[in-house]
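Enquirer: File run-v8.cif below, mmCIF, C-alpha atoms and all ligand atoms:
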```cif
data_structure
loop_
_atom_site.group_PDB
_atom_site.id
_atom_site.type_symbol
_atom_site.label_atom_id
_atom_site.label_comp_id
_atom_site.auth_asym_id
_atom_site.auth_seq_id
_atom_site.Cartn_x
_atom_site.Cartn_y
_atom_site.Cartn_z
ATOM 1 C CA MET L 13 -9.651 -72.636 28.240
ATOM 2 C CA ASN L 14 -8.538 -69.071 28.923
ATOM 3 C CA PRO L 15 -11.246 -66.420 28.832
ATOM 4 C CA ARG L 16 -11.387 -64.605 25.530
ATOM 5 C CA PRO L 17 -9.479 -61.305 25.451
ATOM 6 C CA LYS L 18 -11.618 -58.200 25.169
ATOM 7 C CA GLY L 19 -12.284 -56.517 21.843
ATOM 8 C CA PHE L 20 -13.996 -53.377 20.589
ATOM 9 C CA LEU L 21 -16.223 -52.965 17.550
ATOM 10 C CA GLN L 22 -16.238 -49.357 16.443
ATOM 11 C CA VAL L 23 -17.873 -47.606 13.514
ATOM 12 C CA ASP L 24 -16.941 -44.268 12.020
ATOM 13 C CA VAL L 25 -20.258 -42.885 10.848
ATOM 14 C CA ASP L 26 -18.852 -40.934 7.924
ATOM 15 C CA GLY L 27 -21.775 -39.858 5.780
ATOM 16 C CA LEU L 28 -21.481 -40.165 2.021
ATOM 17 C CA TRP L 29 -20.719 -36.444 1.889
ATOM 18 C CA ALA L 30 -17.755 -36.938 4.236
ATOM 19 C CA VAL L 31 -16.452 -39.929 2.264
ATOM 20 C CA ARG L 32 -16.732 -37.964 -0.972
ATOM 21 C CA ALA L 33 -14.926 -35.002 0.591
ATOM 22 C CA CYS L 34 -12.112 -37.328 1.685
ATOM 23 C CA TYR L 35 -11.541 -38.194 -1.968
ATOM 24 C CA GLY L 36 -11.895 -34.606 -3.180
ATOM 25 C CA ARG L 37 -15.434 -35.025 -4.571
ATOM 26 C CA HIS L 38 -18.201 -32.441 -4.356
ATOM 27 C CA GLU L 39 -20.869 -33.032 -1.799
ATOM 28 C CA GLY L 40 -23.822 -32.508 -4.158
ATOM 29 C CA THR L 41 -26.974 -33.863 -2.517
ATOM 30 C CA SER L 42 -25.093 -36.517 -0.520
ATOM 31 C CA PHE L 43 -25.656 -34.769 2.817
ATOM 32 C CA GLN L 44 -29.436 -34.824 2.526
ATOM 33 C CA THR L 45 -29.768 -38.090 0.609
ATOM 34 C CA ASP L 46 -27.179 -40.153 2.375
ATOM 35 C CA PRO L 47 -27.124 -43.942 1.840
ATOM 36 C CA CYS L 48 -24.334 -44.337 4.411
ATOM 37 C CA TRP L 49 -26.819 -43.265 7.074
ATOM 38 C CA GLU L 50 -30.022 -44.553 5.544
ATOM 39 C CA GLU L 51 -28.738 -47.952 4.527
ATOM 40 C CA GLY L 52 -25.206 -48.559 5.821
ATOM 41 C CA ILE L 53 -25.822 -47.825 9.495
ATOM 42 C CA PRO L 54 -29.132 -49.755 9.788
ATOM 43 C CA ARG L 55 -27.423 -52.726 8.141
ATOM 44 C CA LEU L 56 -24.488 -52.646 10.561
ATOM 45 C CA LEU L 57 -26.893 -52.211 13.468
ATOM 46 C CA GLU L 58 -28.843 -55.293 12.461
ATOM 47 C CA ILE L 59 -25.672 -57.360 12.158
ATOM 48 C CA PHE L 60 -24.457 -56.260 15.627
ATOM 49 C CA ASN L 61 -27.855 -56.828 17.198
ATOM 50 C CA ASP L 62 -28.159 -60.283 15.629
ATOM 51 C CA SER L 63 -24.812 -61.215 17.191
ATOM 52 C CA SER L 64 -25.777 -59.469 20.475
ATOM 53 C CA VAL L 65 -22.581 -57.424 20.513
ATOM 54 C CA PRO L 66 -22.247 -53.797 21.651
ATOM 55 C CA ALA L 67 -20.553 -51.289 19.366
ATOM 56 C CA SER L 68 -19.383 -47.683 19.498
ATOM 57 C CA PHE L 69 -20.585 -45.359 16.745
ATOM 58 C CA PHE L 70 -18.443 -42.259 16.168
ATOM 59 C CA ILE L 71 -20.806 -39.549 14.949
ATOM 60 C CA VAL L 72 -19.959 -36.478 12.866
ATOM 61 C CA GLY L 73 -21.959 -33.721 14.553
ATOM 62 C CA ARG L 74 -23.144 -31.971 11.413
ATOM 63 C CA ASP L 75 -25.203 -35.024 10.485
ATOM 64 C CA LEU L 76 -27.345 -34.487 13.575
ATOM 65 C CA GLU L 77 -28.680 -31.274 12.027
ATOM 66 C CA LEU L 78 -31.015 -33.535 10.052
ATOM 67 C CA LYS L 79 -34.051 -35.023 11.744
ATOM 68 C CA THR L 80 -33.817 -38.281 9.790
ATOM 69 C CA LYS L 81 -30.244 -38.848 10.964
ATOM 70 C CA ARG L 82 -31.061 -37.912 14.563
ATOM 71 C CA HIS L 83 -33.759 -40.548 14.473
ATOM 72 C CA ILE L 84 -31.264 -43.228 13.379
ATOM 73 C CA ALA L 85 -28.724 -42.098 15.994
ATOM 74 C CA ARG L 86 -31.361 -42.425 18.733
ATOM 75 C CA GLN L 87 -32.089 -45.938 17.537
ATOM 76 C CA LEU L 88 -28.416 -46.828 18.089
ATOM 77 C CA LEU L 89 -28.652 -45.553 21.654
ATOM 78 C CA GLN L 90 -31.890 -47.399 22.317
ATOM 79 C CA ASP L 91 -30.318 -50.640 21.187
ATOM 80 C CA GLY L 92 -27.590 -50.262 23.816
ATOM 81 C CA HIS L 93 -24.715 -48.994 21.688
ATOM 82 C CA GLU L 94 -22.295 -46.208 22.531
ATOM 83 C CA LEU L 95 -22.276 -42.879 20.697
ATOM 84 C CA ALA L 96 -18.951 -41.082 20.506
ATOM 85 C CA ASN L 97 -17.542 -37.944 18.905
ATOM 86 C CA HIS L 98 -15.975 -37.832 15.415
ATOM 87 C CA SER L 99 -15.732 -33.982 15.090
ATOM 88 C CA TYR L 100 -18.378 -31.648 13.698
ATOM 89 C CA THR L 101 -17.480 -31.281 10.020
ATOM 90 C CA HIS L 102 -15.123 -34.242 9.523
ATOM 91 C CA LEU L 103 -12.299 -31.803 9.035
ATOM 92 C CA ILE L 104 -9.241 -33.694 7.806
ATOM 93 C CA GLY L 105 -6.092 -32.093 9.164
ATOM 94 C CA LEU L 106 -7.353 -31.076 12.588
ATOM 95 C CA THR L 107 -3.815 -30.921 14.007
ATOM 96 C CA ALA L 108 -2.959 -28.097 11.572
ATOM 97 C CA ARG L 109 -5.835 -25.918 12.767
ATOM 98 C CA PRO L 110 -5.903 -23.218 15.451
ATOM 99 C CA LEU L 111 -6.970 -24.286 18.920
ATOM 100 C CA GLY L 112 -10.296 -22.469 18.574
ATOM 101 C CA VAL L 113 -11.254 -24.611 15.581
ATOM 102 C CA ILE L 114 -10.209 -27.805 17.371
ATOM 103 C CA HIS L 115 -12.336 -26.964 20.412
ATOM 104 C CA ARG L 116 -15.294 -25.951 18.261
ATOM 105 C CA GLU L 117 -15.167 -29.187 16.240
ATOM 106 C CA ILE L 118 -15.217 -31.246 19.425
ATOM 107 C CA ARG L 119 -17.635 -29.187 21.535
ATOM 108 C CA LYS L 120 -20.325 -28.662 18.905
ATOM 109 C CA THR L 121 -20.597 -32.404 18.364
ATOM 110 C CA ASP L 122 -20.588 -33.020 22.084
ATOM 111 C CA ARG L 123 -23.570 -30.692 22.463
ATOM 112 C CA ALA L 124 -25.428 -32.248 19.520
ATOM 113 C CA LEU L 125 -24.912 -35.738 20.962
ATOM 114 C CA ARG L 126 -26.131 -34.688 24.412
ATOM 115 C CA LYS L 127 -29.224 -33.157 22.863
ATOM 116 C CA ILE L 128 -30.304 -36.568 21.591
ATOM 117 C CA GLY L 129 -29.667 -38.188 24.970
ATOM 118 C CA ALA L 130 -26.121 -39.517 24.605
ATOM 119 C CA THR L 131 -23.293 -38.992 27.097
ATOM 120 C CA PRO L 132 -20.211 -39.126 24.881
ATOM 121 C CA VAL L 133 -16.807 -39.816 26.477
ATOM 122 C CA GLY L 134 -14.776 -40.888 23.441
ATOM 123 C CA PHE L 135 -13.292 -39.164 20.405
ATOM 124 C CA ARG L 136 -11.677 -40.178 17.131
ATOM 125 C CA SER L 137 -10.096 -37.549 14.927
ATOM 126 C CA PRO L 138 -11.021 -37.588 11.219
ATOM 127 C CA GLY L 139 -8.266 -39.282 9.218
ATOM 128 C CA TYR L 140 -6.578 -40.439 12.482
ATOM 129 C CA ASP L 141 -4.922 -37.025 12.645
ATOM 130 C CA ILE L 142 -4.028 -36.601 16.307
ATOM 131 C CA ASP L 143 -1.393 -34.832 18.397
ATOM 132 C CA GLY L 144 -0.904 -33.563 21.927
ATOM 133 C CA ARG L 145 -2.928 -30.407 21.281
ATOM 134 C CA VAL L 146 -6.019 -32.199 20.002
ATOM 135 C CA LEU L 147 -5.704 -34.741 22.778
ATOM 136 C CA ARG L 148 -5.606 -31.951 25.367
ATOM 137 C CA ALA L 149 -8.825 -30.505 23.936
ATOM 138 C CA VAL L 150 -10.412 -33.959 24.217
ATOM 139 C CA ARG L 151 -9.352 -34.186 27.834
ATOM 140 C CA GLN L 152 -10.465 -30.663 28.660
ATOM 141 C CA ILE L 153 -14.030 -31.436 27.639
ATOM 142 C CA GLY L 154 -13.935 -34.236 30.205
ATOM 143 C CA TYR L 155 -13.713 -37.237 27.888
ATOM 144 C CA LEU L 156 -12.254 -40.515 29.069
ATOM 145 C CA TYR L 157 -10.654 -41.761 25.904
ATOM 146 C CA ASP L 158 -9.352 -41.040 22.435
ATOM 147 C CA ALA L 159 -9.150 -43.706 19.744
ATOM 148 C CA SER L 160 -7.222 -41.996 16.937
ATOM 149 C CA ILE L 161 -3.760 -43.546 17.039
ATOM 150 C CA LEU L 162 -3.067 -45.991 14.246
ATOM 151 C CA PRO L 163 0.110 -47.883 15.208
ATOM 152 C CA THR L 164 1.136 -48.930 11.711
ATOM 153 C CA PRO L 165 4.390 -48.349 9.811
ATOM 154 C CA TRP L 166 2.431 -48.176 6.528
ATOM 155 C CA VAL L 167 1.285 -44.544 6.702
ATOM 156 C CA PRO L 168 3.136 -43.446 3.527
ATOM 157 C CA LEU L 169 1.789 -46.443 1.619
ATOM 158 C CA LEU L 170 -1.755 -45.897 2.868
ATOM 159 C CA ARG L 171 -1.561 -42.317 1.635
ATOM 160 C CA VAL L 172 -0.443 -43.517 -1.800
ATOM 161 C CA ALA L 173 -3.310 -46.050 -1.915
ATOM 162 C CA ASP L 174 -5.665 -43.270 -0.947
ATOM 163 C CA ALA L 175 -4.379 -41.001 -3.699
ATOM 164 C CA TRP L 176 -4.682 -43.863 -6.175
ATOM 165 C CA LEU L 177 -8.300 -44.402 -5.177
ATOM 166 C CA ALA L 178 -9.029 -40.707 -5.479
ATOM 167 C CA ARG L 179 -6.951 -40.345 -8.681
ATOM 168 C CA LYS L 180 -5.735 -37.156 -7.104
ATOM 169 C CA LEU L 181 -2.524 -36.215 -5.421
ATOM 170 C CA PRO L 182 -3.084 -35.402 -1.787
ATOM 171 C CA GLU L 183 -2.535 -31.723 -1.047
ATOM 172 C CA GLY L 184 -0.729 -32.070 2.237
ATOM 173 C CA LYS L 185 -3.616 -34.171 3.506
ATOM 174 C CA ARG L 186 -2.763 -35.303 7.003
ATOM 175 C CA GLN L 187 -4.255 -38.728 6.909
ATOM 176 C CA PHE L 188 -3.500 -41.962 8.750
ATOM 177 C CA GLY L 189 -1.605 -40.082 11.417
ATOM 178 C CA ARG L 190 2.127 -39.943 11.844
ATOM 179 C CA TRP L 191 4.752 -42.419 11.079
ATOM 180 C CA VAL L 192 6.215 -42.219 14.592
ATOM 181 C CA TYR L 193 2.933 -43.590 15.943
ATOM 182 C CA ALA L 194 3.966 -46.918 14.420
ATOM 183 C CA ARG L 195 5.801 -47.399 17.695
ATOM 184 C CA ALA L 196 2.883 -46.562 19.943
ATOM 185 C CA PRO L 197 1.533 -49.367 22.150
ATOM 186 C CA ARG L 198 -0.938 -51.711 20.508
ATOM 187 C CA GLN L 199 -3.323 -51.833 23.414
ATOM 188 C CA PRO L 200 -5.028 -49.176 25.555
ATOM 189 C CA TYR L 201 -2.625 -46.966 27.517
ATOM 190 C CA PHE L 202 -2.383 -43.612 29.268
ATOM 191 C CA PRO L 203 -0.508 -41.305 26.849
ATOM 192 C CA LEU L 204 2.143 -38.871 28.009
ATOM 193 C CA ARG L 205 0.993 -35.280 27.586
ATOM 194 C CA TYR L 206 3.737 -34.153 25.258
ATOM 195 C CA ARG L 207 4.739 -37.455 23.674
ATOM 196 C CA ILE L 208 1.424 -39.111 23.153
ATOM 197 C CA ARG L 209 2.836 -42.280 21.637
ATOM 198 C CA LYS L 210 4.499 -43.072 24.968
ATOM 199 C CA PRO L 211 2.660 -44.436 27.989
ATOM 200 C CA ALA L 212 2.680 -42.339 31.157
ATOM 201 C CA LYS L 213 3.827 -44.238 34.219
ATOM 202 C CA ASP L 214 3.087 -41.521 36.776
ATOM 203 C CA PRO L 215 -0.514 -41.983 38.026
ATOM 204 C CA LEU L 216 -0.923 -38.196 38.112
ATOM 205 C CA GLU L 217 -0.410 -38.123 34.352
ATOM 206 C CA GLN L 218 -2.993 -40.824 33.745
ATOM 207 C CA ARG L 219 -5.926 -38.634 32.894
ATOM 208 C CA LEU L 220 -7.064 -39.954 29.524
ATOM 209 C CA VAL L 221 -6.994 -43.380 27.894
ATOM 210 C CA GLU L 222 -5.697 -43.864 24.372
ATOM 211 C CA ILE L 223 -7.245 -46.828 22.581
ATOM 212 C CA PRO L 224 -5.204 -47.458 19.435
ATOM 213 C CA VAL L 225 -6.896 -48.794 16.312
ATOM 214 C CA GLY L 226 -6.149 -52.497 15.842
ATOM 215 C CA VAL L 227 -3.471 -53.747 13.454
ATOM 216 C CA THR L 228 -2.832 -57.223 12.058
ATOM 217 C CA PRO L 229 -0.139 -59.357 13.676
ATOM 218 C CA GLY L 230 3.167 -59.339 11.804
ATOM 219 C CA LEU L 231 2.644 -56.779 9.057
ATOM 220 C CA ARG L 232 0.704 -54.373 11.272
ATOM 221 C CA LEU L 233 -1.826 -53.387 8.625
ATOM 222 C CA PRO L 234 -4.863 -51.486 9.926
ATOM 223 C CA LEU L 235 -7.581 -53.791 11.189
ATOM 224 C CA THR L 236 -10.455 -52.299 9.249
ATOM 225 C CA ALA L 237 -13.497 -54.109 7.923
ATOM 226 C CA SER L 238 -12.911 -52.697 4.439
ATOM 227 C CA ALA L 239 -9.550 -54.481 4.320
ATOM 228 C CA LEU L 240 -11.128 -57.736 5.527
ATOM 229 C CA LEU L 241 -14.096 -57.839 3.137
ATOM 230 C CA GLY L 242 -12.111 -60.077 0.795
ATOM 231 C CA CYS L 243 -11.231 -62.672 3.465
ATOM 232 C CA SER L 244 -12.880 -66.082 3.675
ATOM 233 C CA ARG L 245 -14.361 -67.278 6.950
ATOM 234 C CA GLN L 246 -11.369 -69.514 7.506
ATOM 235 C CA GLN L 247 -8.886 -66.705 6.898
ATOM 236 C CA LEU L 248 -10.789 -64.492 9.322
ATOM 237 C CA ARG L 249 -10.842 -67.201 11.954
ATOM 238 C CA GLN L 250 -7.089 -67.720 11.644
ATOM 239 C CA LEU L 251 -6.384 -64.006 11.766
ATOM 240 C CA PHE L 252 -8.541 -63.327 14.828
ATOM 241 C CA GLU L 253 -7.299 -66.419 16.644
ATOM 242 C CA ARG L 254 -3.734 -65.314 16.016
ATOM 243 C CA LEU L 255 -4.544 -61.875 17.378
ATOM 244 C CA ALA L 256 -6.386 -63.279 20.381
ATOM 245 C CA ARG L 257 -3.377 -65.407 21.316
ATOM 246 C CA LYS L 258 -1.396 -62.191 21.853
ATOM 247 C CA ASP L 259 -3.867 -61.504 24.653
ATOM 248 C CA ARG L 260 -4.169 -57.842 23.770
ATOM 249 C CA LEU L 261 -7.301 -55.796 23.623
ATOM 250 C CA VAL L 262 -8.127 -55.256 19.938
ATOM 251 C CA LEU L 263 -10.150 -52.560 18.176
ATOM 252 C CA LEU L 264 -11.806 -53.561 14.899
ATOM 253 C CA LEU L 265 -12.834 -50.494 12.915
ATOM 254 C CA LEU L 266 -15.736 -50.284 10.495
ATOM 255 C CA HIS L 267 -17.145 -47.415 8.471
ATOM 256 C CA ALA L 268 -20.726 -46.650 7.466
ATOM 257 C CA ILE L 269 -19.783 -47.107 3.804
ATOM 258 C CA ASP L 270 -18.822 -50.738 4.571
ATOM 259 C CA GLY L 271 -22.538 -51.497 4.897
ATOM 260 C CA THR L 272 -23.640 -49.392 1.950
ATOM 261 C CA ASP L 273 -24.582 -50.657 -1.496
ATOM 262 C CA CYS L 274 -21.939 -49.666 -4.036
ATOM 263 C CA SER L 275 -23.498 -51.307 -7.111
ATOM 264 C CA LYS L 276 -23.680 -47.746 -8.419
ATOM 265 C CA PRO L 277 -20.569 -45.529 -8.300
ATOM 266 C CA ILE L 278 -21.732 -43.319 -5.436
ATOM 267 C CA VAL L 279 -18.285 -42.167 -4.305
ATOM 268 C CA PHE L 280 -16.176 -41.736 -7.435
ATOM 269 C CA ASP L 281 -19.023 -40.823 -9.858
ATOM 270 C CA ASN L 282 -17.900 -42.964 -12.770
ATOM 271 C CA ARG L 283 -15.754 -45.689 -11.233
ATOM 272 C CA ARG L 284 -16.098 -48.522 -8.776
ATOM 273 C CA PRO L 285 -12.501 -49.451 -7.819
ATOM 274 C CA ARG L 286 -12.099 -53.102 -6.844
ATOM 275 C CA LEU L 287 -10.725 -52.185 -3.462
ATOM 276 C CA ALA L 288 -12.149 -51.728 0.045
ATOM 277 C CA GLY L 289 -15.615 -52.844 -1.061
ATOM 278 C CA PHE L 290 -16.199 -49.923 -3.434
ATOM 279 C CA HIS L 291 -17.327 -52.473 -6.068
ATOM 280 C CA LEU L 292 -19.698 -54.587 -3.903
ATOM 281 C CA ASP L 293 -23.476 -54.441 -3.689
ATOM 282 C CA GLY L 294 -25.366 -54.264 -0.408
ATOM 283 C CA GLU L 295 -26.277 -57.932 -0.233
ATOM 284 C CA GLU L 296 -22.714 -59.085 -0.787
ATOM 285 C CA LYS L 297 -21.404 -56.628 1.788
ATOM 286 C CA GLU L 298 -23.929 -57.835 4.328
ATOM 287 C CA LYS L 299 -22.828 -61.449 3.840
ATOM 288 C CA ARG L 300 -19.150 -60.572 4.215
ATOM 289 C CA LEU L 301 -19.657 -58.209 7.155
ATOM 290 C CA ARG L 302 -21.641 -60.846 9.010
ATOM 291 C CA ARG L 303 -18.785 -63.272 8.845
ATOM 292 C CA ILE L 304 -16.282 -60.617 9.949
ATOM 293 C CA VAL L 305 -18.402 -59.682 12.983
ATOM 294 C CA GLU L 306 -19.253 -63.296 13.841
ATOM 295 C CA GLU L 307 -15.641 -64.433 13.701
ATOM 296 C CA PHE L 308 -14.435 -61.405 15.663
ATOM 297 C CA ALA L 309 -17.043 -62.079 18.358
ATOM 298 C CA ARG L 310 -15.954 -65.717 18.437
ATOM 299 C CA ALA L 311 -12.358 -64.840 19.257
ATOM 300 C CA PHE L 312 -12.982 -61.775 21.462
ATOM 301 C CA GLU L 313 -15.391 -60.764 24.168
ATOM 302 C CA ILE L 314 -16.835 -57.543 22.745
ATOM 303 C CA VAL L 315 -17.147 -54.719 25.271
ATOM 304 C CA ARG L 316 -17.977 -51.033 25.018
ATOM 305 C CA ALA L 317 -14.981 -48.706 24.942
ATOM 306 C CA ASP L 318 -16.583 -46.196 27.334
ATOM 307 C CA ASP L 319 -17.029 -48.911 29.974
ATOM 308 C CA HIS L 320 -13.473 -50.106 29.547
ATOM 309 C CA ALA L 321 -11.965 -46.593 29.642
ATOM 310 C CA ARG L 322 -13.962 -45.804 32.780
ATOM 311 C CA ALA L 323 -12.688 -48.957 34.455
ATOM 312 C CA MET L 324 -9.119 -48.077 33.485
ATOM 313 C CA MET L 325 -9.493 -44.562 34.879
ATOM 314 C CA ASP L 326 -10.889 -45.998 38.093
ATOM 315 C CA GLY L 327 -7.893 -48.297 38.231
ATOM 316 C CA VAL L 328 -10.013 -51.425 38.231
ATOM 317 C CA ALA L 329 -9.186 -52.661 34.732
ATOM 318 C CA ALA L 330 -5.820 -53.696 33.454
ATOM 319 C CA PRO L 331 -5.135 -52.283 29.972
HETATM 320 ZN ZN ZN L 401 -14.157 -40.486 9.495
#
```
Written as structure tokens, that's how I'd like the structure from this file.
Ligand SMILES: [Zn+2]
Expert:
Amino acid sequence: MNPRPKGFLQVDVDGLWAVRACYGRHEGTSFQTDPCWEEGIPRLLEIFNDSSVPASFFIVGRDLELKTKRHIARQLLQDGHELANHSYTHLIGLTARPLGVIHREIRKTDRALRKIGATPVGFRSPGYDIDGRVLRAVRQIGYLYDASILPTPWVPLLRVADAWLARKLPEGKRQFGRWVYARAPRQPYFPLRYRIRKPAKDPLEQRLVEIPVGVTPGLRLPLTASALLGCSRQQLRQLFERLARKDRLVLLLLHAIDGTDCSKPIVFDNRRPRLAGFHLDGEEKEKRLRRIVEEFARAFEIVRADDHARAMMDGVAAP
């Protein structure tokens, strides 16, 4: 039997306040009293630890202003997981901002992560909004990889689904990246400086690794846990086996809200849409997440993205 291809498990630690902001809802008390951190992250951590798989947690720096959240973040580190950078204020539309804002969003989180003992080398832009400018800022801080490109042709549709969920029309919200990224490679590569969806062949240009978010075979839908919560174990096994046969490195993306009890309408105030797990309670989510993680770990050898990016930069790992 061939060895299993490598895979990454990554979590965007969007607090409830950040999720609510994404859908145009007021923050209220959701920064201080944040079930995504208090319940979602510990639940995901337990599932990963039970399966003995390493994961990368992308932290929004502002959350580390709170002692309770710093404590949870340290626990992730202690358990052998990677902490990475997901901007400071979860600013959607980073590519539209001045360079100063981009640098500040990245550097402030970098400092906050180092203060709790992490050595971050990876970045994902909020809402997958990435371009050459943001990527350059990521490289200038000395990071090894970015993981913001979503190589799917469904960006317009995803934006419509998002607006439907929010019951609001997006106001120029730059989410899910750009349509041209549909043609980006579907496994880690060294992006060209000015055309980041293209791989750089010149070794001198190979100064940062891009790890695209996984997509399903065929339709190329984003490989996110929220989209897989409705799958049976057998469907998951088939999907991951099909992906593994392509012998590509695959990134499965989770979010803190995936592990958070939604038996009360915590995001949309008075509704619990039957989509992406917004209608499921904590126990049900735990059951479904366990089978997603177990089946993913069955088909792929889970490795940390920082280790893999380092090996690629050193020229000792094939993409
Ligand atoms: Zn996010």
Enquirer: Can you give me, as a PyMOL selection string, the residues this file yields under the PyMOL selection byres (((chain L and resi 263-275) around 9) and not hetatm)?
Expert: chain L and resi 19-28+31+47-56+199+223-227+234-238+241+261-262+276-279+284+288-298+301+308
Enquirer: What would the selection look like, as a VMD selection string, if the PyMOL selection byres (((chain L and resi 119-127) around 12) and not hetatm) were run on the coordinates I just shared?
Expert: chain L and resid 69 to 79 81 to 83 85 to 86 88 to 89 94 to 102 112 to 118 128 to 136 149 to 155
Enquirer: Kindly indicate which residue among L:Arg16, L:Lys210, L:Arg32, L:Arg316 lies nearest to ligand ZN 401 (chain L), using only C-alpha atoms and all ligand atoms for the distances.
Expert: L:Arg32
Enquirer: Determine the nearest neighbour of Arg195 in chain L from the options L:Leu170, L:Ile161, L:Ile84, L:Ala323, counting all atoms listed in the file.
Expert: L:Ile161
Enquirer: Report the residues retrieved by the PyMOL selection byres (((chain L and resi 106) around 8) and not hetatm) from the displayed file, expressed as a list in words.
Expert: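 With the shown file as input, the PyMOL selection byres (((chain L and resi 106) around 8) and not hetatm) matches Leu103, Ile104, Gly105, Thr107, Ala108, Arg109, Ile114, Ser137, Pro138, Asp141, Ile142 and Val146 of chain L.
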Enquirer: Save the residues we just selected, C-alpha atoms, as a PDB file, keeping the file's coordinate frame?
Expert:
```
ATOM      1  CA  LEU L 103     -12.299 -31.803   9.035  1.00  0.00           C
ATOM      2  CA  ILE L 104      -9.241 -33.694   7.806  1.00  0.00           C
ATOM      3  CA  GLY L 105      -6.092 -32.093   9.164  1.00  0.00           C
ATOM      4  CA  THR L 107      -3.815 -30.921  14.007  1.00  0.00           C
ATOM      5  CA  ALA L 108      -2.959 -28.097  11.572  1.00  0.00           C
ATOM      6  CA  ARG L 109      -5.835 -25.918  12.767  1.00  0.00           C
ATOM      7  CA  ILE L 114     -10.209 -27.805  17.371  1.00  0.00           C
ATOM      8  CA  SER L 137     -10.096 -37.549  14.927  1.00  0.00           C
ATOM      9  CA  PRO L 138     -11.021 -37.588  11.219  1.00  0.00           C
ATOM     10  CA  ASP L 141      -4.922 -37.025  12.645  1.00  0.00           C
ATOM     11  CA  ILE L 142      -4.028 -36.601  16.307  1.00  0.00           C
ATOM     12  CA  VAL L 146      -6.019 -32.199  20.002  1.00  0.00           C
TER      13      VAL L 146
END
```
Enquirer: Have a look at CA of Leu220 in chain L and CA of Tyr140 in chain L and let me know their distance in Å, one decimal.
Expert: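 Distance reported for this atom pair: 17.1 Å.
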